Structure formats: C-alpha cells, structure tokens
$ cat start11.pdb   # PDB, C-alpha atoms
ATOM      1  CA  MET A   1      10.960  -1.131 -11.462
ATOM      2  CA  PRO A   2      14.736  -0.566 -11.552
ATOM      3  CA  ASP A   3      16.715  -3.821 -11.489
ATOM      4  CA  PHE A   4      18.473  -3.154  -8.160
ATOM      5  CA  ILE A   5      15.128  -2.510  -6.419
ATOM      6  CA  GLN A   6      13.566  -5.585  -8.025
ATOM      7  CA  GLN A   7      16.496  -7.757  -6.930
ATOM      8  CA  PHE A   8      16.376  -6.427  -3.367
ATOM      9  CA  ASP A   9      12.587  -6.896  -3.250
ATOM     10  CA  GLU A  10      12.799 -10.492  -4.441
ATOM     11  CA  GLN A  11      15.626 -11.401  -2.048
ATOM     12  CA  ALA A  12      13.886  -9.773   0.919
ATOM     13  CA  LEU A  13      10.594 -11.498   0.195
ATOM     14  CA  VAL A  14      12.217 -14.922  -0.187
ATOM     15  CA  TRP A  15      14.118 -14.315   3.085
ATOM     16  CA  ILE A  16      10.841 -13.483   4.880
ATOM     17  CA  ALA A  17       9.174 -16.614   3.489
ATOM     18  CA  GLU A  18      12.094 -18.839   4.479
ATOM     19  CA  ASN A  19      12.953 -17.328   7.870
ATOM     20  CA  ILE A  20       9.903 -15.655   9.404
ATOM     21  CA  ARG A  21       6.880 -17.634   8.245
ATOM     22  CA  CYS A  22       5.829 -20.200  10.831
ATOM     23  CA  ALA A  23       2.802 -22.262  11.822
ATOM     24  CA  LEU A  24       2.157 -20.016  14.829
ATOM     25  CA  LEU A  25       1.952 -16.765  12.826
ATOM     26  CA  ASP A  26       0.388 -18.060   9.607
ATOM     27  CA  PRO A  27      -3.270 -18.070  10.765
ATOM     28  CA  PHE A  28      -3.049 -14.614  12.369
ATOM     29  CA  MET A  29      -1.304 -13.009   9.387
ATOM     30  CA  LYS A  30      -3.686 -14.608   6.882
ATOM     31  CA  LEU A  31      -6.724 -13.437   8.843
ATOM     32  CA  TYR A  32      -5.398  -9.939   9.516
ATOM     33  CA  THR A  33      -4.333  -9.301   5.931
ATOM     34  CA  GLN A  34      -7.729 -10.462   4.654
ATOM     35  CA  LEU A  35      -9.505  -8.120   7.077
ATOM     36  CA  GLY A  36      -7.875  -5.381   5.009
ATOM     37  CA  ASN A  37      -9.496  -6.579   1.761
ATOM     38  CA  THR A  38     -11.240  -3.603   0.148
ATOM     39  CA  GLY A  39     -10.139  -1.600   3.207
ATOM     40  CA  MET A  40     -12.932  -3.215   5.254
ATOM     41  CA  LEU A  41     -11.248  -3.218   8.658
ATOM     42  CA  PHE A  42     -10.302   0.438   8.419
ATOM     43  CA  ILE A  43     -13.590   1.512   6.837
ATOM     44  CA  ALA A  44     -15.463  -0.234   9.667
ATOM     45  CA  LEU A  45     -13.277   1.506  12.260
ATOM     46  CA  GLY A  46     -13.811   4.867  10.536
ATOM     47  CA  VAL A  47     -17.580   4.347  10.597
ATOM     48  CA  LEU A  48     -17.397   3.286  14.252
ATOM     49  CA  LEU A  49     -15.640   6.564  15.091
ATOM     50  CA  LEU A  50     -18.596   8.456  13.577
ATOM     51  CA  PHE A  51     -20.929   7.176  16.294
ATOM     52  CA  PHE A  52     -19.214   9.101  19.103
ATOM     53  CA  LYS A  53     -19.080  12.879  19.172
ATOM     54  CA  PRO A  54     -15.478  13.140  20.468
ATOM     55  CA  THR A  55     -14.213  10.916  17.630
ATOM     56  CA  ARG A  56     -16.573  12.005  14.852
ATOM     57  CA  ARG A  57     -14.042  14.281  13.167
ATOM     58  CA  ALA A  58     -11.426  11.506  13.269
ATOM     59  CA  GLY A  59     -13.903   9.145  11.592
ATOM     60  CA  VAL A  60     -14.764  11.623   8.844
ATOM     61  CA  SER A  61     -11.058  12.395   8.355
ATOM     62  CA  ALA A  62     -10.167   8.712   8.098
ATOM     63  CA  LEU A  63     -12.944   7.930   5.622
ATOM     64  CA  CYS A  64     -12.037  10.973   3.526
ATOM     65  CA  ALA A  65      -8.357   9.974   3.564
ATOM     66  CA  MET A  66      -9.126   6.418   2.505
ATOM     67  CA  LEU A  67     -11.325   7.660  -0.348
ATOM     68  CA  ILE A  68      -8.479   9.853  -1.587
ATOM     69  CA  GLY A  69      -6.104   6.885  -1.268
ATOM     70  CA  LEU A  70      -8.470   4.620  -3.206
ATOM     71  CA  ILE A  71      -8.591   7.077  -6.101
ATOM     72  CA  VAL A  72      -4.840   7.739  -6.107
ATOM     73  CA  VAL A  73      -3.663   4.130  -5.703
ATOM     74  CA  ASN A  74      -6.288   1.723  -7.008
ATOM     75  CA  PHE A  75      -7.690   3.810  -9.852
ATOM     76  CA  THR A  76      -4.520   5.628 -10.905
ATOM     77  CA  ILE A  77      -1.082   4.333  -9.889
ATOM     78  CA  LYS A  78      -1.701   0.554  -9.846
ATOM     79  CA  PRO A  79      -3.075   0.373 -13.413
ATOM     80  CA  LEU A  80      -0.377   2.726 -14.725
ATOM     81  CA  VAL A  81       2.561   0.857 -13.160
ATOM     82  CA  ALA A  82       1.066  -2.650 -13.625
ATOM     83  CA  ARG A  83       3.778  -4.429 -11.620
ATOM     84  CA  ASP A  84       3.314  -8.210 -11.423
ATOM     85  CA  ARG A  85       2.694  -9.903  -8.078
ATOM     86  CA  PRO A  86       5.631 -11.736  -6.441
ATOM     87  CA  TRP A  87       4.509 -15.299  -7.247
ATOM     88  CA  LEU A  88       4.358 -14.345 -10.933
ATOM     89  CA  VAL A  89       7.974 -13.142 -10.872
ATOM     90  CA  ILE A  90       9.807 -15.319  -8.332
ATOM     91  CA  GLU A  91      10.174 -18.938  -9.381
ATOM     92  CA  ASN A  92       8.482 -21.420  -6.976
ATOM     93  CA  PHE A  93       7.371 -18.615  -4.645
ATOM     94  CA  VAL A  94       4.218 -19.434  -2.679
ATOM     95  CA  ASN A  95       1.781 -16.790  -1.502
ATOM     96  CA  LEU A  96      -0.385 -17.683   1.497
ATOM     97  CA  VAL A  97      -3.619 -15.935   0.487
ATOM     98  CA  PRO A  98      -5.373 -15.523  -2.858
ATOM     99  CA  GLU A  99      -5.084 -12.146  -4.532
ATOM    100  CA  HIS A 100      -7.177 -11.378  -7.600
ATOM    101  CA  ASP A 101      -5.727  -7.997  -8.554
ATOM    102  CA  PRO A 102      -2.696  -8.735 -10.752
ATOM    103  CA  ASN A 103      -1.092  -5.367  -9.954
ATOM    104  CA  SER A 104       1.283  -5.189  -7.039
ATOM    105  CA  PHE A 105       2.570  -1.595  -6.854
ATOM    106  CA  PRO A 106       1.754   0.067  -4.518
ATOM    107  CA  SER A 107       0.035  -1.911  -1.769
ATOM    108  CA  GLY A 108      -3.601  -0.847  -1.526
ATOM    109  CA  HIS A 109      -4.053  -2.510   1.868
ATOM    110  CA  THR A 110      -1.080  -0.605   3.268
ATOM    111  CA  ASN A 111      -2.256   2.601   1.634
ATOM    112  CA  ALA A 112      -5.688   2.336   3.290
ATOM    113  CA  ALA A 113      -4.152   1.422   6.644
ATOM    114  CA  PHE A 114      -1.732   4.360   6.678
ATOM    115  CA  ALA A 115      -4.343   6.802   5.343
ATOM    116  CA  PHE A 116      -6.555   5.750   8.250
ATOM    117  CA  ALA A 117      -3.704   5.931  10.769
ATOM    118  CA  LEU A 118      -2.417   9.350   9.808
ATOM    119  CA  ALA A 119      -5.912  10.838   9.672
ATOM    120  CA  VAL A 120      -6.614   9.431  13.141
ATOM    121  CA  CYS A 121      -3.253  10.694  14.426
ATOM    122  CA  MET A 122      -4.128  14.193  13.255
ATOM    123  CA  SER A 123      -7.654  14.295  14.627
ATOM    124  CA  ALA A 124      -8.358  11.697  17.341
ATOM    125  CA  PRO A 125      -8.786  13.061  20.870
ATOM    126  CA  LYS A 126      -6.883  10.298  22.707
ATOM    127  CA  GLY A 127      -3.244   9.292  22.430
ATOM    128  CA  TRP A 128      -4.003   5.576  22.728
ATOM    129  CA  MET A 129      -6.192   5.813  19.613
ATOM    130  CA  LYS A 130      -3.292   7.270  17.657
ATOM    131  CA  VAL A 131      -0.869   4.599  18.868
ATOM    132  CA  ALA A 132      -3.346   1.813  18.094
ATOM    133  CA  ALA A 133      -3.985   3.190  14.585
ATOM    134  CA  VAL A 134      -0.266   3.352  13.794
ATOM    135  CA  CYS A 135       0.375  -0.159  15.186
ATOM    136  CA  MET A 136      -2.509  -1.582  13.169
ATOM    137  CA  SER A 137      -1.241   0.047   9.976
ATOM    138  CA  VAL A 138       2.317  -1.225  10.469
ATOM    139  CA  VAL A 139       1.050  -4.765  11.082
ATOM    140  CA  MET A 140      -1.093  -4.525   7.929
ATOM    141  CA  GLY A 141       1.948  -3.595   5.860
ATOM    142  CA  LEU A 142       4.021  -6.373   7.403
ATOM    143  CA  SER A 143       1.216  -8.879   6.847
ATOM    144  CA  ARG A 144       1.261  -8.130   3.117
ATOM    145  CA  LEU A 145       4.940  -9.096   3.026
ATOM    146  CA  TYR A 146       4.439 -12.109   5.270
ATOM    147  CA  VAL A 147       1.706 -13.630   3.092
ATOM    148  CA  GLY A 148       3.776 -12.889  -0.013
ATOM    149  CA  VAL A 149       1.395 -10.750  -2.046
ATOM    150  CA  HIS A 150       3.580  -7.622  -2.181
ATOM    151  CA  PHE A 151       7.218  -6.667  -2.523
ATOM    152  CA  PRO A 152       8.811  -4.462   0.183
ATOM    153  CA  SER A 153       8.879  -1.442  -2.149
ATOM    154  CA  ASP A 154       5.119  -1.909  -2.762
ATOM    155  CA  VAL A 155       4.484  -1.720   0.975
ATOM    156  CA  LEU A 156       6.807   1.250   1.512
ATOM    157  CA  ALA A 157       5.158   3.140  -1.351
ATOM    158  CA  GLY A 158       1.700   2.247   0.000
ATOM    159  CA  ALA A 159       2.694   3.554   3.438
ATOM    160  CA  ALA A 160       4.110   6.794   2.028
ATOM    161  CA  ILE A 161       1.155   7.490  -0.263
ATOM    162  CA  GLY A 162      -1.310   6.478   2.456
ATOM    163  CA  SER A 163       0.365   8.846   4.911
ATOM    164  CA  LEU A 164       0.067  11.702   2.419
ATOM    165  CA  CYS A 165      -3.585  10.831   1.805
ATOM    166  CA  GLY A 166      -4.169  10.683   5.571
ATOM    167  CA  PHE A 167      -2.629  14.120   5.990
ATOM    168  CA  LEU A 168      -4.689  15.517   3.098
ATOM    169  CA  GLY A 169      -7.932  13.928   4.316
ATOM    170  CA  ALA A 170      -7.461  15.268   7.848
ATOM    171  CA  TRP A 171      -6.534  18.718   6.525
ATOM    172  CA  VAL A 172      -9.599  18.902   4.251
ATOM    173  CA  VAL A 173     -11.912  17.825   7.058
ATOM    174  CA  ARG A 174     -10.317  20.252   9.537
ATOM    175  CA  LYS A 175     -10.810  23.145   7.101
ATOM    176  CA  ALA A 176     -14.427  22.102   6.479
ATOM    177  CA  TRP A 177     -15.026  21.711  10.237
ATOM    178  CA  GLU A 178     -13.673  25.208  10.878
ATOM    179  CA  ARG A 179     -15.812  26.687   8.127
ATOM    180  CA  ILE A 180     -18.955  25.014   9.483
ATOM    181  CA  ARG A 181     -18.278  26.224  13.053
ATOM    182  CA  VAL A 182     -17.612  29.839  12.027
ATOM    183  CA  ARG A 183     -20.707  30.407   9.920
ATOM    184  CA  PRO A 184     -21.713  34.039   9.872
ATOM    185  CA  GLN A 185     -24.950  34.605  11.667
ATOM    186  CA  ALA A 186     -27.810  36.215   9.788
ATOM    187  CA  PRO A 187     -28.700  39.761  10.899
ATOM    188  CA  GLU A 188     -31.885  40.061  12.877
TER     189      GLU A 188
END

$ encode --input "start11.pdb" --output "structure tokens"
Amino acid sequence: MPDFIQQFDEQALVWIAENIRCALLDPFMKLYTQLGNTGMLFIALGVLLLFFKPTRRAGVSALCAMLIGLIVVNFTIKPLVARDRPWLVIENFVNLVPEHDPNSFPSGHTNAAFAFALAVCMSAPKGWMKVAAVCMSVVMGLSRLYVGVHFPSDVLAGAAIGSLCGFLGAWVVRKAWERIRVRPQAPE
C-alpha cells in the first residue's frame, strides 16, 4: 500500500476508535459485523429471496454475485496483496471482534454485502428492497471500520469490487433468464 494511503488509513481508523466507538453502539456493531462472517447474512437473504416467485431472480442474482465476489476477493486478491490487519500495524490498536484471516485488503464482508446489494438493486421488484439492501451493505462496511478489523481503503475496495461483482452476477442471471424464457419450441 502506498505510504500516503497507509498513513490516512491508520489516522482515520484511530480517529474512529477514539471518537465514534461507544458503549451504546458496540454491541450492535459487533453483532452486525459477525452476521457477515462467511457472508452468512447475505447468503441467507439470497436464499430467502428464492422462495418467492417475484424475488427469485433477485435471489439467484445475489447468490451468483456473491460467488463471483468470493472467488475474486477471498481466493485471488486477498492472498496476493496480503495486507496486515490494523491491530498488527497500529501500535496499541484494539479490535473489537476476533478475525482469523490475517489478510485485510480488500474487505470480504463489504464485498459480499455490496455484491448482494447491487444484484438486488438490478433485479428486485420493489424499491424498498433495493433501499434496504444498499443500507445493509453500507452499515456492513462501516461496521468493519468500527470494530477495527479493516482500514478505510479495504472497505472502499471491497465496496467497489462487490458492486462490480453484483453488476456481473445480475447481468449473467438476466441473460440466462432471457435465454430460458425464449427457448425455441420444437416443431410438431
């Protein structure tokens, strides 16, 4: 990571820890961020969308997008970049939740959340679903900063990559959906 980005990231994260963390928010942020472990919250929501015909395509799109994001981020970028977590870099910095993956860049939780959100935005039938998906993804990214397990640039990169994966997942599913609906009929 370039020095100026690393310095900004460290200063921003220390500022968040010193000025925003509080006893009122700590339990909510810890719980919410841990609901994102292995993408569980968003996978569960994607599966839930499969149960209803009007939202089935949104569910398939979201699950497809998150699978693409998993491959791109967790199996490719994170091991290649191998950026240390904040508490390993910033002296006396305390993270609020345990994190076993030593690689910080980009945020996998944020990636999954934004992949889910963008896929839902592109394919859900109701506006409130789109708004809820975006709000949930933003809070997930913020929670990763709040609990101190990611730098701001990790979260921004996770959001950007997740958004691209969400777009790609929704596009792939839309193309497949169209192809399935326009099957040529066999001659009689």

$ resolve_selection --input "start11.pdb" --expression "the PyMOL selection byres ((chain A and resi 29) around 9)" --output "PyMOL selection string"
chain A and resi 25-28+30-34+139-140+142-144+146-147

$ closest_residue --input "start11.pdb" --among "A:Cys165, A:Ser123, A:Trp128, A:Leu96" --to "Ala23 of chain A" --atoms "all atoms listed in the file"
A:Leu96

$ atom_distance --input "start11.pdb" --atom1 "atom CA of Arg83 of chain A" --atom2 "atom CA of Ala117 of chain A"
25.8 Å

$ resolve_selection --input "start11.pdb" --expression "the PyMOL selection byres ((chain A and resi 119) around 10)" --output "ChimeraX atom specification"
/A:46,57-66,114-118,120-124,130,133,162-171,173

$ write_last_selection --input "start11.pdb" --atoms "C-alpha atoms" --output "compact mmCIF listing (two decimals), keeping the file's coordinate frame"
# COMPACT_ATOMS: atom_id res chain seq x y z
CA GLY A 46 -13.81 4.87 10.54
CA ARG A 57 -14.04 14.28 13.17
CA ALA A 58 -11.43 11.51 13.27
CA GLY A 59 -13.90 9.14 11.59
CA VAL A 60 -14.76 11.62 8.84
CA SER A 61 -11.06 12.40 8.36
CA ALA A 62 -10.17 8.71 8.10
CA LEU A 63 -12.94 7.93 5.62
CA CYS A 64 -12.04 10.97 3.53
CA ALA A 65 -8.36 9.97 3.56
CA MET A 66 -9.13 6.42 2.50
CA PHE A 114 -1.73 4.36 6.68
CA ALA A 115 -4.34 6.80 5.34
CA PHE A 116 -6.56 5.75 8.25
CA ALA A 117 -3.70 5.93 10.77
CA LEU A 118 -2.42 9.35 9.81
CA VAL A 120 -6.61 9.43 13.14
CA CYS A 121 -3.25 10.69 14.43
CA MET A 122 -4.13 14.19 13.26
CA SER A 123 -7.65 14.30 14.63
CA ALA A 124 -8.36 11.70 17.34
CA LYS A 130 -3.29 7.27 17.66
CA ALA A 133 -3.98 3.19 14.58
CA GLY A 162 -1.31 6.48 2.46
CA SER A 163 0.36 8.85 4.91
CA LEU A 164 0.07 11.70 2.42
CA CYS A 165 -3.58 10.83 1.80
CA GLY A 166 -4.17 10.68 5.57
CA PHE A 167 -2.63 14.12 5.99
CA LEU A 168 -4.69 15.52 3.10
CA GLY A 169 -7.93 13.93 4.32
CA ALA A 170 -7.46 15.27 7.85
CA TRP A 171 -6.53 18.72 6.52
CA VAL A 173 -11.91 17.82 7.06

$ atom_distance --input "start11.pdb" --atom1 "atom CA of Val94 of chain A" --atom2 "atom CA of Met136 of chain A"
24.8 Å

$ atom_distance --input "start11.pdb" --atom1 "atom CA of Arg174 of chain A" --atom2 "atom CA of Asp154 of chain A"
29.7 Å

$ closest_residue --input "start11.pdb" --among "A:Val14, A:Ala44, A:Ala176, A:Ala159" --to "Val73 of chain A" --atoms "all atoms listed in the file"
A:Ala159

$ resolve_selection --input "start11.pdb" --expression "the PyMOL selection byres ((chain A and resi 2-10) around 8)" --output "PyMOL selection string"
chain A and resi 1+11-14+86+90+151-153

$ residues_around --input "start11.pdb" --residues "Pro106 of chain A" --least-positions-apart "6" --cutoff "12 Å" --atoms "only C-alpha atoms" --output "VMD selection string"
chain A and resid 1 69 to 70 72 to 85 112 141 144 149 to 162

$ closest_residue --input "start11.pdb" --among "A:Glu178, A:Glu18, A:Glu91, A:Asp101" --to "Asn37 of chain A" --atoms "all atoms listed in the file"
A:Asp101

$ closest_residue --input "start11.pdb" --among "A:Asn95, A:Leu24, A:Leu45, A:Leu88" --to "Ala132 of chain A" --atoms "all atoms listed in the file"
A:Leu45
